[in-house]
Amino acid sequence: MESFERIFREHGLPLTVQRRVILDSMLDRTDHPSAERVYSEVQAKIPGISRASVYRILDLFVELGLIQKINPPGMAARFDPTVRRHTHLVCRSCGRMVDMDAPGIGVLPLPDGRAYGFQIDDYQINFSGLCADCAKKHTQQPDK
Ligand SMILES: [Zn+2]
Ligand SMILES: [Zn+2]
């Protein structure tokens with residue numbers, strides 16, 4: 001936790017109770033919660049916190065590099081405390097998102113975008129499909 005305090009201090013930002021609770025709730029998790037999910041979880045610990053505050057604090061953490069924001073197409077953004085670039089599997093039925101260890105994928109060098117007038121600084125790879133549970137449901141109840 002000390003290093004987070006240092007990061008906040010370096011940016012001249014107070015590590016408020018709200019920020020600390022939300023940071024605590026994000027650390028070490030691998031389920032890639034949406035902002036809505038984080039909001040419903042921290043409500044019990046910080047009564048009266050607004051949805052807008054939770055969204056703003058999560059975006060601040062992304063700016064500070066403490067967490068990363070993942071934007072699967074057609075879904076709400078998800079948040080991940082693992083900030084190194086990595087690959088995700090996303091279930092298009094239930095939204096489950098897991099880290100995928102795919103050697104060689106997710107470590108592509110950034111291409112030169114200058115010919116397009118772009119400064120490329122990031123990319124995301126999210127594979128979509130069905131998780132094991134949803135695949136099972138699919139075979140039990142075939143589409144009519
Ligand atoms: Zn699923
Ligand atoms: Zn992840």
# chains A, B, ... in the order shown; residues from 1 in each chain; ligands from 1
$ closest_atom_pairs --of "chain A" --to "ligand 2" --cutoff "12 Å" --atoms "only C-alpha atoms and all ligand atoms" --output "JSON lines"
{"residue": "A:Met26", "atom": "CA", "partner": "ligand 2", "partner_atom_place_in_ligand_line": "1 (Zn)", "distance": 12.0}
{"residue": "A:Asp28", "atom": "CA", "partner": "ligand 2", "partner_atom_place_in_ligand_line": "1 (Zn)", "distance": 10.8}
{"residue": "A:Arg29", "atom": "CA", "partner": "ligand 2", "partner_atom_place_in_ligand_line": "1 (Zn)", "distance": 9.1}
{"residue": "A:Thr30", "atom": "CA", "partner": "ligand 2", "partner_atom_place_in_ligand_line": "1 (Zn)", "distance": 6.4}
{"residue": "A:Asp31", "atom": "CA", "partner": "ligand 2", "partner_atom_place_in_ligand_line": "1 (Zn)", "distance": 7.8}
{"residue": "A:His32", "atom": "CA", "partner": "ligand 2", "partner_atom_place_in_ligand_line": "1 (Zn)", "distance": 6.4}
{"residue": "A:Pro33", "atom": "CA", "partner": "ligand 2", "partner_atom_place_in_ligand_line": "1 (Zn)", "distance": 10.1}
{"residue": "A:Ile67", "atom": "CA", "partner": "ligand 2", "partner_atom_place_in_ligand_line": "1 (Zn)", "distance": 9.9}
{"residue": "A:Gln68", "atom": "CA", "partner": "ligand 2", "partner_atom_place_in_ligand_line": "1 (Zn)", "distance": 8.5}
{"residue": "A:Lys69", "atom": "CA", "partner": "ligand 2", "partner_atom_place_in_ligand_line": "1 (Zn)", "distance": 9.4}
{"residue": "A:Ile70", "atom": "CA", "partner": "ligand 2", "partner_atom_place_in_ligand_line": "1 (Zn)", "distance": 8.2}
{"residue": "A:Asn71", "atom": "CA", "partner": "ligand 2", "partner_atom_place_in_ligand_line": "1 (Zn)", "distance": 11.4}
{"residue": "A:Pro72", "atom": "CA", "partner": "ligand 2", "partner_atom_place_in_ligand_line": "1 (Zn)", "distance": 11.6}
{"residue": "A:Arg78", "atom": "CA", "partner": "ligand 2", "partner_atom_place_in_ligand_line": "1 (Zn)", "distance": 9.2}
{"residue": "A:Phe79", "atom": "CA", "partner": "ligand 2", "partner_atom_place_in_ligand_line": "1 (Zn)", "distance": 8.1}
{"residue": "A:Asp80", "atom": "CA", "partner": "ligand 2", "partner_atom_place_in_ligand_line": "1 (Zn)", "distance": 5.4}
{"residue": "A:Pro81", "atom": "CA", "partner": "ligand 2", "partner_atom_place_in_ligand_line": "1 (Zn)", "distance": 7.5}
{"residue": "A:Thr82", "atom": "CA", "partner": "ligand 2", "partner_atom_place_in_ligand_line": "1 (Zn)", "distance": 5.9}
{"residue": "A:Val83", "atom": "CA", "partner": "ligand 2", "partner_atom_place_in_ligand_line": "1 (Zn)", "distance": 7.9}
{"residue": "A:Arg84", "atom": "CA", "partner": "ligand 2", "partner_atom_place_in_ligand_line": "1 (Zn)", "distance": 8.8}
{"residue": "A:Arg85", "atom": "CA", "partner": "ligand 2", "partner_atom_place_in_ligand_line": "1 (Zn)", "distance": 8.4}
{"residue": "A:His86", "atom": "CA", "partner": "ligand 2", "partner_atom_place_in_ligand_line": "1 (Zn)", "distance": 6.4}
{"residue": "A:Thr87", "atom": "CA", "partner": "ligand 2", "partner_atom_place_in_ligand_line": "1 (Zn)", "distance": 6.9}
{"residue": "A:His88", "atom": "CA", "partner": "ligand 2", "partner_atom_place_in_ligand_line": "1 (Zn)", "distance": 6.0}
{"residue": "A:Leu89", "atom": "CA", "partner": "ligand 2", "partner_atom_place_in_ligand_line": "1 (Zn)", "distance": 8.8}
{"residue": "A:Val90", "atom": "CA", "partner": "ligand 2", "partner_atom_place_in_ligand_line": "1 (Zn)", "distance": 10.2}
{"residue": "A:Arg96", "atom": "CA", "partner": "ligand 2", "partner_atom_place_in_ligand_line": "1 (Zn)", "distance": 11.1}
{"residue": "A:Met97", "atom": "CA", "partner": "ligand 2", "partner_atom_place_in_ligand_line": "1 (Zn)", "distance": 7.5}
{"residue": "A:Val98", "atom": "CA", "partner": "ligand 2", "partner_atom_place_in_ligand_line": "1 (Zn)", "distance": 6.2}
{"residue": "A:Asp99", "atom": "CA", "partner": "ligand 2", "partner_atom_place_in_ligand_line": "1 (Zn)", "distance": 4.6}
{"residue": "A:Met100", "atom": "CA", "partner": "ligand 2", "partner_atom_place_in_ligand_line": "1 (Zn)", "distance": 7.8}
{"residue": "A:Asp101", "atom": "CA", "partner": "ligand 2", "partner_atom_place_in_ligand_line": "1 (Zn)", "distance": 10.1}
{"residue": "A:Gly106", "atom": "CA", "partner": "ligand 2", "partner_atom_place_in_ligand_line": "1 (Zn)", "distance": 11.3}
{"residue": "A:Gln124", "atom": "CA", "partner": "ligand 2", "partner_atom_place_in_ligand_line": "1 (Zn)", "distance": 10.5}
{"residue": "A:Ile125", "atom": "CA", "partner": "ligand 2", "partner_atom_place_in_ligand_line": "1 (Zn)", "distance": 10.5}
{"residue": "A:Asn126", "atom": "CA", "partner": "ligand 2", "partner_atom_place_in_ligand_line": "1 (Zn)", "distance": 9.7}
{"residue": "A:Phe127", "atom": "CA", "partner": "ligand 2", "partner_atom_place_in_ligand_line": "1 (Zn)", "distance": 11.9}
$ residues_near_ligand --ligand "ligand 1" --cutoff "9 Å" --atoms "only C-alpha atoms and all ligand atoms" --output "PDB file with C-alpha atoms, in the first residue's frame"
ATOM      1  CA  VAL A  90     -14.515 -12.676 -22.932  1.00  0.00           C
ATOM      2  CA  CYS A  91     -17.711 -14.715 -22.812  1.00  0.00           C
ATOM      3  CA  ARG A  92     -20.188 -13.058 -25.145  1.00  0.00           C
ATOM      4  CA  SER A  93     -23.094 -14.693 -23.293  1.00  0.00           C
ATOM      5  CA  CYS A  94     -22.438 -13.931 -19.592  1.00  0.00           C
ATOM      6  CA  GLY A  95     -19.613 -11.393 -19.857  1.00  0.00           C
ATOM      7  CA  ARG A  96     -17.114 -13.458 -17.864  1.00  0.00           C
ATOM      8  CA  MET A  97     -13.609 -12.190 -18.561  1.00  0.00           C
ATOM      9  CA  GLY A 129     -16.558 -16.780 -27.361  1.00  0.00           C
ATOM     10  CA  LEU A 130     -18.419 -18.851 -24.795  1.00  0.00           C
ATOM     11  CA  CYS A 131     -17.136 -19.825 -21.355  1.00  0.00           C
ATOM     12  CA  ALA A 132     -17.445 -23.463 -20.254  1.00  0.00           C
ATOM     13  CA  ASP A 133     -20.697 -22.840 -18.341  1.00  0.00           C
ATOM     14  CA  CYS A 134     -22.363 -21.029 -21.203  1.00  0.00           C
ATOM     15  CA  ALA A 135     -21.154 -23.558 -23.751  1.00  0.00           C
TER      16      ALA A 135
END
$ closest_residue --among "A:Val42, A:Ala77, A:Leu15, A:Leu108" --to "Val62 of chain A" --atoms "only C-alpha atoms"
A:Ala77
$ residues_around --residues "segment 51-55 of chain A" --least-positions-apart "6" --cutoff "12 Å" --atoms "only C-alpha atoms" --output "ChimeraX atom specification"
/A:16,18-23,25-26,34-43,61-62,69,76-79
$ select_by_dssp --residues "segment 49-88 of chain A" --states "helix (DSSP H, G or I)" --output "list in words"
Arg51, Ala52, Ser53, Val54, Tyr55, Arg56, Ile57, Leu58, Asp59, Leu60, Phe61, Val62, Glu63 and Leu64 of chain A
$ select_by_dssp --residues "chain A" --states "strand (DSSP E or B)" --output "PyMOL selection string"
chain A and resi 34+68-70+78-80+87-91+97-100+126-129
$ write_last_selection --atoms "C-alpha atoms" --output "PDB file, in the first residue's frame"
ATOM      1  CA  SER A  34     -17.351  -3.261 -14.394  1.00  0.00           C
ATOM      2  CA  GLN A  68      -6.237  -0.689 -16.620  1.00  0.00           C
ATOM      3  CA  LYS A  69      -9.516  -0.236 -18.402  1.00  0.00           C
ATOM      4  CA  ILE A  70     -10.567  -2.878 -20.865  1.00  0.00           C
ATOM      5  CA  ARG A  78     -14.081  -3.474 -17.248  1.00  0.00           C
ATOM      6  CA  PHE A  79     -11.271  -2.766 -14.814  1.00  0.00           C
ATOM      7  CA  ASP A  80      -8.187  -4.857 -14.167  1.00  0.00           C
ATOM      8  CA  THR A  87      -4.766 -11.043 -23.443  1.00  0.00           C
ATOM      9  CA  HIS A  88      -8.365 -11.653 -22.381  1.00  0.00           C
ATOM     10  CA  LEU A  89     -11.038 -14.183 -23.078  1.00  0.00           C
ATOM     11  CA  VAL A  90     -14.515 -12.676 -22.932  1.00  0.00           C
ATOM     12  CA  CYS A  91     -17.711 -14.715 -22.812  1.00  0.00           C
ATOM     13  CA  MET A  97     -13.609 -12.190 -18.561  1.00  0.00           C
ATOM     14  CA  VAL A  98     -10.456 -14.120 -17.757  1.00  0.00           C
ATOM     15  CA  ASP A  99      -6.774 -13.535 -18.379  1.00  0.00           C
ATOM     16  CA  MET A 100      -5.354 -15.765 -21.046  1.00  0.00           C
ATOM     17  CA  ASN A 126      -9.831  -9.580 -26.338  1.00  0.00           C
ATOM     18  CA  PHE A 127     -10.903 -12.928 -27.715  1.00  0.00           C
ATOM     19  CA  SER A 128     -14.630 -13.547 -27.489  1.00  0.00           C
ATOM     20  CA  GLY A 129     -16.558 -16.780 -27.361  1.00  0.00           C
TER      21      GLY A 129
END
$ atom_distance --atom1 "atom CA of Val17 of chain A" --atom2 "atom CA of Lys45 of chain A"
10.0 Å
$ atom_distance --atom1 "atom CA of Leu110 of chain A" --atom2 "atom CA of Phe8 of chain A"
28.8 Å
$ atom_distance --atom1 "atom CA of Leu64 of chain A" --atom2 "atom CA of Pro14 of chain A"
13.1 Å
